[in-house]
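Chemist: For reference, the file start.txt (compact mmCIF, C-alpha atoms) is included below:
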# COMPACT_ATOMS: atom_id res chain seq x y z
CA MET A 1279 26.59 29.88 195.89
CA ALA A 1280 28.58 32.85 197.21
CA THR A 1281 29.24 34.23 193.74
CA ALA A 1282 25.56 33.94 192.79
CA ALA A 1283 24.53 35.90 195.90
CA ILE A 1284 26.56 38.96 194.81
CA ARG A 1285 24.23 39.54 191.86
CA PRO A 1286 21.37 42.02 192.67
CA SER A 1287 18.87 39.93 190.71
CA MET A 1288 19.34 37.23 193.27
CA GLY A 1289 17.76 39.42 196.01
CA ALA A 1290 14.46 37.48 195.84
CA ALA A 1291 16.29 34.23 196.16
CA VAL A 1292 18.07 35.55 199.26
CA SER A 1293 14.74 36.49 200.91
CA ARG A 1294 13.51 33.06 200.17
CA ILE A 1295 16.60 31.59 201.81
CA SER A 1296 15.87 33.51 205.02
CA THR A 1297 12.59 31.72 205.35
CA MET A 1298 14.22 28.31 205.03
CA SER A 1299 14.94 25.85 207.75
CA ARG A 1300 17.55 26.42 210.52
CA ALA A 1301 19.77 23.76 209.05
CA GLN A 1302 20.55 26.14 206.23
CA LYS A 1303 21.37 29.15 208.46
CA PRO A 1304 25.16 29.20 208.05
CA LEU A 1305 24.61 29.61 204.32
CA GLN A 1306 22.12 32.43 204.90
CA LEU A 1307 24.63 34.35 207.03
CA ALA A 1308 27.22 34.01 204.34
CA CYS A 1309 24.81 35.50 201.83
CA ARG A 1310 23.94 38.45 204.08
CA ARG A 1311 27.55 39.28 204.52
CA ALA A 1312 28.07 39.19 200.75
CA ILE A 1313 25.20 41.53 199.73
CA PRO A 1314 26.28 44.79 201.41
CA ALA A 1315 29.87 44.27 200.17
CA SER A 1316 28.66 44.38 196.57
CA SER A 1317 26.34 47.41 196.89
CA SER A 1318 28.68 49.86 198.67
CA ARG A 1319 32.25 48.97 197.94
CA PRO A 1320 34.70 51.04 200.05
CA GLN A 1321 37.00 53.09 197.76
CA PRO A 1322 39.96 55.28 198.63
CA GLN A 1323 39.42 59.04 198.13
CA GLN A 1324 42.25 59.55 195.60
CA GLN A 1325 40.98 57.01 193.12
CA GLN A 1326 37.39 58.23 193.00
CA LYS A 1327 37.61 59.27 189.36
CA VAL A 1328 39.13 56.05 188.18
CA ALA A 1329 36.62 53.37 187.54
CA PRO A 1330 38.35 50.02 187.91
CA ILE A 1331 37.22 48.30 184.78
CA SER A 1332 40.11 45.91 184.65
CA THR A 1333 39.02 42.32 184.48
CA THR A 1334 42.29 41.04 185.91
CA ALA A 1335 41.88 39.35 189.27
CA ALA A 1336 43.23 41.44 192.14
CA LEU A 1337 46.51 40.19 193.52
CA LEU A 1338 45.24 39.72 197.00
CA LYS A 1339 47.31 36.83 198.13
CA ARG A 1340 50.02 37.97 200.50
CA HIS A 1341 53.42 36.44 200.28
CA THR A 1342 55.20 36.91 203.59
CA TYR A 1343 57.93 34.33 203.37
CA VAL A 1344 61.58 35.28 202.94
CA GLY A 1345 62.36 36.28 199.37
CA ALA A 1346 58.69 36.68 198.54
CA ARG A 1347 57.79 38.16 195.15
CA CYS A 1348 56.40 41.64 194.95
CA ASN A 1349 52.65 41.92 194.86
CA LYS A 1350 52.61 45.46 193.59
CA ASP A 1351 50.40 46.25 190.64
CA MET A 1352 52.94 47.02 187.96
CA ASN A 1353 50.40 48.59 185.62
CA LYS A 1354 50.57 52.27 186.48
CA LYS A 1355 47.69 53.07 184.23
CA ARG A 1356 45.26 50.42 185.39
CA GLY A 1357 41.70 51.55 185.19
CA GLU A 1358 42.39 54.55 182.98
CA SER A 1359 40.03 54.67 180.06
CA ALA A 1360 39.16 57.26 177.50
CA LEU A 1361 35.79 55.63 176.85
CA SER A 1362 34.62 55.76 180.42
CA ARG A 1363 36.31 59.17 180.97
CA SER A 1364 38.18 57.99 183.97
CA GLY A 1365 40.82 60.69 183.82
CA THR A 1366 44.36 60.14 184.94
CA ARG A 1367 45.28 58.42 188.16
CA TRP A 1368 47.43 61.38 189.20
CA ARG A 1369 46.65 65.04 189.36
CA LEU A 1370 47.72 67.08 186.33
CA SER A 1371 49.83 70.15 186.99
CA MET A 1372 47.93 73.32 186.35
CA SER A 1373 48.07 76.82 187.70
CA ASP A 1374 45.78 79.86 187.93
CA GLU A 1375 48.40 82.25 186.58
CA PRO A 1376 47.18 84.13 183.49
CA LEU A 1377 49.00 83.38 180.25
CA PRO A 1378 51.38 86.06 178.99
CA LYS A 1379 50.12 88.10 176.04
CA PRO A 1380 52.39 88.84 173.08
CA VAL A 1381 53.73 92.40 172.88
CA PRO A 1382 53.15 94.19 169.58
CA ARG A 1383 56.25 94.70 167.51
CA GLU A 1384 55.98 98.49 167.78
CA GLU A 1385 56.24 98.39 171.55
CA LEU A 1386 59.35 96.24 171.61
CA PRO A 1387 62.61 98.04 172.34
CA LYS A 1388 64.50 98.77 169.15
CA ILE A 1389 67.47 96.53 168.47
CA VAL A 1390 70.60 98.63 168.34
CA THR A 1391 73.15 97.51 165.76
CA ASP A 1392 76.53 98.86 164.84
CA GLU A 1393 76.26 100.57 161.48
CA ASN A 1394 79.94 100.07 160.76
CA HIS A 1395 80.19 96.47 161.86
CA GLY A 1396 82.49 94.34 159.77
CA LEU A 1397 79.82 91.72 159.20
CA TRP A 1398 77.91 94.16 157.02
CA ASP A 1399 80.60 93.50 154.41
CA PHE A 1400 78.92 90.16 153.79
CA PHE A 1401 76.06 91.97 152.06
CA ARG A 1402 76.32 94.08 148.97
CA ASP A 1403 73.16 95.99 149.85
CA ARG A 1404 71.93 95.66 153.40
CA ASN A 1405 68.43 96.85 152.51
CA ALA A 1406 67.80 94.39 149.68
CA VAL A 1407 66.93 90.73 150.11
CA ALA A 1408 68.85 89.78 147.01
CA ALA A 1409 70.53 91.47 144.09
CA THR A 1410 68.78 91.20 140.75
CA PRO A 1411 70.44 88.93 138.19
CA ASP A 1412 71.17 92.02 136.08
CA GLU A 1413 73.11 93.55 138.94
CA ASP A 1414 74.96 90.30 139.53
CA ALA A 1415 75.88 90.02 135.87
CA LYS A 1416 77.57 93.45 135.91
CA HIS A 1417 81.14 92.37 136.31
CA GLY A 1418 84.27 92.34 134.24
CA ARG A 1419 86.68 89.52 133.57
CA GLY A 1420 89.21 88.13 135.97
CA TRP A 1421 92.79 89.37 136.09
CA THR A 1422 95.28 87.63 133.84
CA VAL A 1423 98.62 86.46 135.17
CA GLU A 1424 100.52 88.94 133.04
CA GLU A 1425 98.52 91.83 134.49
CA LEU A 1426 99.25 90.62 138.01
CA ARG A 1427 102.99 90.21 137.37
CA HIS A 1428 103.40 93.98 137.42
CA LYS A 1429 101.80 94.31 140.86
CA SER A 1430 103.69 94.43 144.12
CA TRP A 1431 103.40 91.89 146.93
CA ASP A 1432 101.25 94.27 149.00
CA ASP A 1433 98.88 94.88 146.13
CA LEU A 1434 98.50 91.17 145.45
CA HIS A 1435 97.95 90.50 149.15
CA ARG A 1436 95.23 93.09 149.37
CA LEU A 1437 93.67 92.03 146.08
CA TRP A 1438 93.47 88.48 147.45
CA TRP A 1439 91.49 89.66 150.43
CA VAL A 1440 89.24 91.75 148.23
CA CYS A 1441 88.52 88.54 146.31
CA VAL A 1442 87.85 86.66 149.53
CA LYS A 1443 85.35 89.28 150.61
CA GLU A 1444 83.66 89.22 147.22
CA ARG A 1445 83.28 85.45 147.42
CA ASN A 1446 81.85 85.75 150.92
CA ARG A 1447 79.34 88.22 149.56
CA ILE A 1448 78.41 85.88 146.72
CA SER A 1449 77.92 82.86 148.95
CA THR A 1450 75.87 84.91 151.41
CA ALA A 1451 73.67 85.92 148.51
CA ASN A 1452 73.43 82.28 147.43
CA TYR A 1453 72.31 81.31 150.91
CA GLU A 1454 69.75 84.08 151.02
CA ARG A 1455 68.44 83.08 147.63
CA GLY A 1456 68.03 79.50 148.75
CA LYS A 1457 66.41 80.55 151.99
CA SER A 1458 63.72 82.66 150.34
CA VAL A 1459 63.36 80.17 147.45
CA LEU A 1460 63.60 82.89 144.85
CA GLY A 1461 64.44 80.56 141.99
CA PHE A 1462 66.57 82.92 139.93
CA GLY A 1463 70.06 84.40 139.81
CA GLU A 1464 72.02 81.21 140.30
CA ALA A 1465 73.70 81.26 136.90
CA GLU A 1466 74.71 84.92 137.20
CA SER A 1467 76.10 84.32 140.64
CA ALA A 1468 78.05 81.30 139.43
CA THR A 1469 79.71 83.14 136.54
CA ARG A 1470 80.59 86.00 138.84
CA GLU A 1471 82.24 83.66 141.30
CA LYS A 1472 84.07 81.92 138.48
CA GLU A 1473 85.78 85.16 137.53
CA VAL A 1474 86.76 85.88 141.13
CA LYS A 1475 88.19 82.41 141.47
CA LEU A 1476 90.14 82.93 138.26
CA THR A 1477 91.72 86.06 139.73
CA MET A 1478 92.63 84.21 142.92
CA ARG A 1479 94.09 81.36 140.98
CA ASN A 1480 96.18 83.75 138.92
CA ILE A 1481 97.42 85.53 142.05
CA LYS A 1482 98.69 82.19 143.31
CA HIS A 1483 100.24 81.44 139.94
CA CYS A 1484 102.00 84.79 139.90
CA LEU A 1485 103.37 84.46 143.42
CA THR A 1486 104.61 80.92 142.88
CA GLU A 1487 106.33 81.99 139.72
CA ARG A 1488 107.91 84.93 141.50
CA PHE A 1489 109.17 82.69 144.29
CA TYR A 1490 110.75 80.23 141.89
CA ALA A 1491 112.43 83.07 140.00
CA TRP A 1492 113.76 84.49 143.28
CA GLU A 1493 115.17 81.12 144.35
CA ASP A 1494 117.02 80.79 141.05
CA ALA A 1495 118.09 84.43 141.09
CA VAL A 1496 119.78 83.95 144.48
CA GLN A 1497 121.88 81.16 142.99
CA LEU A 1498 122.68 83.39 140.01
CA ALA A 1499 123.57 86.33 142.25
CA LYS A 1500 126.21 84.27 144.06
CA LYS A 1501 128.18 84.17 140.80
CA ASP A 1502 127.54 87.86 140.03
CA PRO A 1503 130.55 90.10 140.93
CA GLU A 1504 128.27 93.13 141.36
CA VAL A 1505 126.22 91.45 144.08
CA ASP A 1506 127.41 90.88 147.65
CA LEU A 1507 125.12 88.59 149.63
CA SER A 1508 127.35 88.45 152.75
CA GLY A 1509 125.25 91.10 154.49
CA LYS A 1510 128.22 93.47 155.04
CA GLY A 1511 128.03 96.66 153.08
CA PRO A 1512 125.69 97.32 150.16
CA ALA A 1513 124.29 94.27 148.47
CA PHE A 1514 124.52 95.76 145.03
CA THR A 1515 127.51 97.73 143.73
CA PRO A 1516 126.87 98.68 140.11
CA SER A 1517 130.11 98.50 138.14
CA GLN A 1518 128.65 100.20 135.10
CA TYR A 1519 127.56 103.22 137.14
CA LEU A 1520 131.07 103.87 138.61
CA GLU A 1521 132.75 103.63 135.24
CA ASP A 1522 130.32 106.12 133.78
CA GLU A 1523 130.68 108.58 136.65
CA VAL A 1524 134.44 109.16 136.36
CA PRO A 1525 134.64 110.13 132.66
CA SER A 1526 131.61 112.39 132.97
CA LYS A 1527 133.30 114.37 135.79
CA GLN A 1528 136.43 114.71 133.71
CA ALA A 1529 134.36 115.90 130.82
CA GLN A 1530 132.79 118.57 133.03
CA ALA A 1531 136.20 119.76 134.19
CA GLN A 1532 137.47 120.01 130.65
CA GLU A 1533 134.52 122.18 129.75
CA MET B 1339 75.04 41.24 140.49
CA GLN B 1340 76.19 44.19 138.51
CA PRO B 1341 78.50 47.09 139.25
CA THR B 1342 77.11 50.45 140.32
CA ARG B 1343 76.00 52.81 137.59
CA ALA B 1344 78.93 55.09 138.34
CA LEU B 1345 81.32 52.33 137.28
CA LEU B 1346 79.42 51.36 134.13
CA GLY B 1347 80.04 54.47 132.07
CA MET B 1348 83.28 55.57 133.67
CA ARG B 1349 86.73 54.30 134.22
CA PHE B 1350 87.49 53.44 137.83
CA ARG B 1351 90.61 55.59 138.02
CA LYS B 1352 88.54 58.62 137.13
CA LEU B 1353 86.44 58.25 140.26
CA ARG B 1354 87.19 59.88 143.54
CA LEU B 1355 89.37 57.73 145.79
CA THR B 1356 87.63 56.55 148.93
CA THR B 1357 88.70 54.44 151.87
CA LYS B 1358 86.91 51.49 150.28
CA ASP B 1359 89.17 51.53 147.24
CA VAL B 1360 92.45 51.04 149.09
CA ASN B 1361 93.94 48.93 151.82
CA LYS B 1362 94.20 49.68 155.50
CA GLY B 1363 96.00 52.76 156.69
CA PHE B 1364 94.70 55.12 154.07
CA TYR B 1365 93.86 58.49 155.55
CA LYS B 1366 92.00 60.76 153.27
CA GLY B 1367 91.67 63.82 155.48
CA THR B 1368 90.62 67.19 154.21
CA GLY B 1369 94.06 68.59 153.53
CA THR B 1370 93.76 70.89 156.51
CA GLY B 1371 96.32 69.52 158.94
CA ALA B 1372 96.22 69.23 162.70
CA MET B 1373 95.98 72.08 165.15
CA GLY B 1374 97.03 70.15 168.23
CA ARG B 1375 97.65 66.67 169.56
CA HIS B 1376 95.75 63.87 171.24
CA THR B 1377 96.38 62.95 174.85
CA LYS B 1378 96.59 59.38 176.01
CA TYR B 1379 93.35 59.85 177.96
CA GLY B 1380 91.41 60.66 174.84
CA GLY B 1381 91.47 64.43 175.12
CA TYR B 1382 92.88 66.90 172.66
CA ILE B 1383 95.28 69.72 173.33
CA ILE B 1384 95.14 72.67 170.98
CA GLU B 1385 98.55 74.03 170.21
CA TRP B 1386 98.05 77.68 169.53
CA ASP B 1387 101.18 78.05 167.49
CA ARG B 1388 99.67 75.58 165.05
CA VAL B 1389 96.29 77.27 164.83
CA ARG B 1390 95.90 79.18 161.64
CA THR B 1391 95.77 82.95 161.85
CA TYR B 1392 94.71 84.95 158.87
CA VAL B 1393 95.84 88.53 158.74
CA CYS B 1394 93.78 90.76 156.51
CA PRO B 1395 95.76 93.82 155.39
CA ASP B 1396 94.28 97.29 155.61
CA LEU B 1397 91.93 97.57 152.65
CA LYS B 1398 91.16 101.24 153.13
CA ASP B 1399 91.70 103.31 149.97
CA PHE B 1400 92.44 100.17 147.99
CA LYS B 1401 91.02 100.66 144.53
CA LEU B 1402 91.51 97.30 142.84
CA THR B 1403 88.58 94.92 142.43
CA PRO B 1404 88.52 91.21 141.58
CA PHE B 1405 87.44 92.20 138.10
CA VAL B 1406 89.02 93.99 135.16
CA THR B 1407 86.76 95.81 132.74
CA LYS B 1408 85.95 93.89 129.62
CA ASN B 1409 86.96 96.92 127.56
CA VAL B 1410 90.59 96.06 128.27
CA LYS B 1411 91.75 93.11 126.24
CA PRO B 1412 93.53 90.47 128.30
CA THR B 1413 97.28 90.83 127.90
CA TYR B 1414 99.74 88.01 127.73
CA GLY B 1415 103.47 88.44 128.32
CA GLN B 1416 106.09 88.45 125.59
CA TYR B 1417 109.34 86.98 126.82
CA GLU B 1418 112.54 86.47 124.90
CA THR B 1419 113.87 83.48 126.80
CA LYS B 1420 112.26 80.09 127.02
CA LEU B 1421 111.93 80.34 130.82
CA GLY B 1422 109.86 83.47 130.38
CA PRO B 1423 108.79 85.17 133.59
CA LYS B 1424 110.59 82.49 135.62
CA ASP B 1425 113.96 83.53 134.20
CA PRO B 1426 116.29 84.33 137.14
CA ALA B 1427 118.36 86.71 134.98
CA LEU B 1428 115.27 88.77 134.37
CA TYR B 1429 114.54 88.83 138.09
CA LEU B 1430 118.07 89.94 138.91
CA ALA B 1431 118.06 92.63 136.23
CA LYS B 1432 114.80 93.99 137.59
CA TRP B 1433 116.21 93.93 141.11
CA LYS B 1434 119.24 95.88 139.96
CA ALA B 1435 117.06 98.35 138.09
CA GLU B 1436 115.19 99.02 141.32
CA ASN B 1437 118.55 99.86 142.99
CA GLY B 1438 119.02 96.46 144.60
CA LEU B 1439 117.95 97.55 148.04
CA ASP B 1440 116.03 94.59 149.21
Show me, as structure tokens, the structure contained in the file I just sent.
Modeler:
Amino acid sequence: MATAAIRPSMGAAVSRISTMSRAQKPLQLACRRAIPASSSRPQPQQQQKVAPISTTAALLKRHTYVGARCNKDMNKKRGESALSRSGTRWRLSMSDEPLPKPVPREELPKIVTDENHGLWDFFRDRNAVAATPDEDAKHGRGWTVEELRHKSWDDLHRLWWVCVKERNRISTANYERGKSVLGFGEAESATREKEVKLTMRNIKHCLTERFYAWEDAVQLAKKDPEVDLSGKGPAFTPSQYLEDEVPSKQAQAQE
Amino acid sequence: MQPTRALLGMRFRKLRLTTKDVNKGFYKGTGTGAMGRHTKYGGYIIEWDRVRTYVCPDLKDFKLTPFVTKNVKPTYGQYETKLGPKDPALYLAKWKAENGLD
């Protein structure tokens, strides 16, 4: 009976109950108490926006014994609904501050760069996005080993680093080409790098060969009477030179 | 079950060796070597005398390029002995010709 009295359509029935006999009065009182509870339900101020549409029964039963389970509503989003436009249960963070406007590129302070910075060596032309394949294809052949054999250690060392820088330049260009999806110049770049790598490989060949020859020459020099490897006095005393010198002086005196 | 396509057309020995092809204890590495050591607490100490330092020589006024013009035919050495450029006698003779100073 109590649940039926909550319904507004049962108002007529309630008025009829009031006219009933005194024996039924306790029931009538119960109904009167139920009607105002349904029409103006007290709600906390914070949750005004949220319409509790959940059909789950409220966990009203209090557990006060020792070790009692928690009665808290674990659903933090209960009652939130996009359909009924309930909004969130908490306030969203917002502020009145106006949004910053983007500054035009002309008004930005100019970025100062070092014109002579070493990193510029990674680009062949700092104003061009990429070299044309024709420009890339303009290269000679790599050095042969025989050509490098006549070069000094210092020259080979520097030539190695020139090769390293050239390869850096090529791979930077490769990266740039991939980044801008240009779709050309890969083959030219690859053949160019192949020649540089050939030069580097031949430099290594030449130096290894020279080292092996030096190792063997040291062993040979130990048997050579003209060479003194003890570190005292000159390392090389040419016998042929001294023999030539004496007769030539005598010849001059005779003249 | 059938072997992977890489194995079908190729001989196994021709493939790159991986840790799955050999027994325990195989360390492939990258051929670069260590630059420090591990501590027993799991850290790593960099030993600066092991860290590679590359010294680039002064390239100012250096005229050589990685390339030789294609107008010059590639030259190959003519050597009398079988050892060729590796001949120690040749090295010693050249050293003597340059006054044997170094």
Chemist: Show me, as a list in words, the residues that have an atom within 8 Å of His1417 (chain A) when counting only C-alpha atoms, minus same-chain residues fewer than 5 positions from it.
Modeler: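 Listing them by chain and then by number gives Arg1470 of chain A; Phe1405 and Thr1407 of chain B.
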Chemist: If you measure from CA of Lys1432 (chain B) to CA of His1483 (chain A), what distance in Å do you get, rounded to one decimal?
Modeler: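 Answer for the CA of Lys1432 (chain B) to CA of His1483 (chain A) separation: 19.4 Å.
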Chemist: Provide the CA of Trp1492 (chain A) to CA of Tyr1429 (chain B) distance in Å, to one decimal place.
Modeler: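 A separation of 6.8 Å between them.
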Chemist: Which residues come within 12 Å of Ala1431 (chain B), counting all atoms listed in the file, excluding same-chain residues fewer than 4 positions away, as a VMD selection string?
Modeler: (chain A and resid 1491 to 1492 1495 1498 to 1499 1502 1504 to 1505 1514 1516) or (chain B and resid 1425 to 1427 1435 to 1438)
Chemist: Of the candidates A:Lys1388, A:Arg1367, A:Arg1447, A:Arg1436, which shows the shortest atom-to-atom distance to Arg1404 (chain A), using all atoms listed in the file?
Modeler: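 Smallest separation from Arg1404 (chain A) among the options: A:Arg1447.
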Chemist: Kindly determine which residues of chain B lie within 10 Å of chain A, considering only C-alpha atoms, and give the answer as a ChimeraX atom specification.
Modeler: /B:1393-1398,1400-1416,1421-1431,1433-1434,1437-1440
Chemist: Please indicate the distance in Å from CA of Lys1354 (chain A) to CA of Arg1340 (chain A), rounded to one decimal place.
Modeler: 20.0 Å
Chemist: Identify, on the basis of only C-alpha atoms, every residue whose closest approach to region 1356-1373 of chain B does not exceed 10 Å; exclude the query and any residue fewer than 5 positions from it along the same chain; express the result as a PyMOL selection string.
Modeler: chain B and resi 1350+1382-1390
Chemist: Quick one: residues within 12 Å of Ala1465 (chain A), only C-alpha atoms counted, chain neighbours fewer than 3 positions away excluded, as a list of chain:residue names?
Modeler: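 Contacts, in chain order: A:Thr1410, A:Pro1411, A:Asp1412, A:Asp1414, A:Ala1415, A:Ile1448, A:Asn1452, A:Gly1461, A:Phe1462, A:Ala1468, A:Thr1469, A:Arg1470, A:Glu1471, A:Lys1472.
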Chemist: Given 4 Å of margin on each side, can you work out the centre and size in Å (one decimal) of an axis-aligned box holding every listed atom of region 1405-1419 of chain B, as AutoDock Vina command-line options?
Modeler:
--center_x 99.9 --center_y 90.2 --center_z 131.5 --size_x 35.9 --size_y 21.4 --size_z 21.2
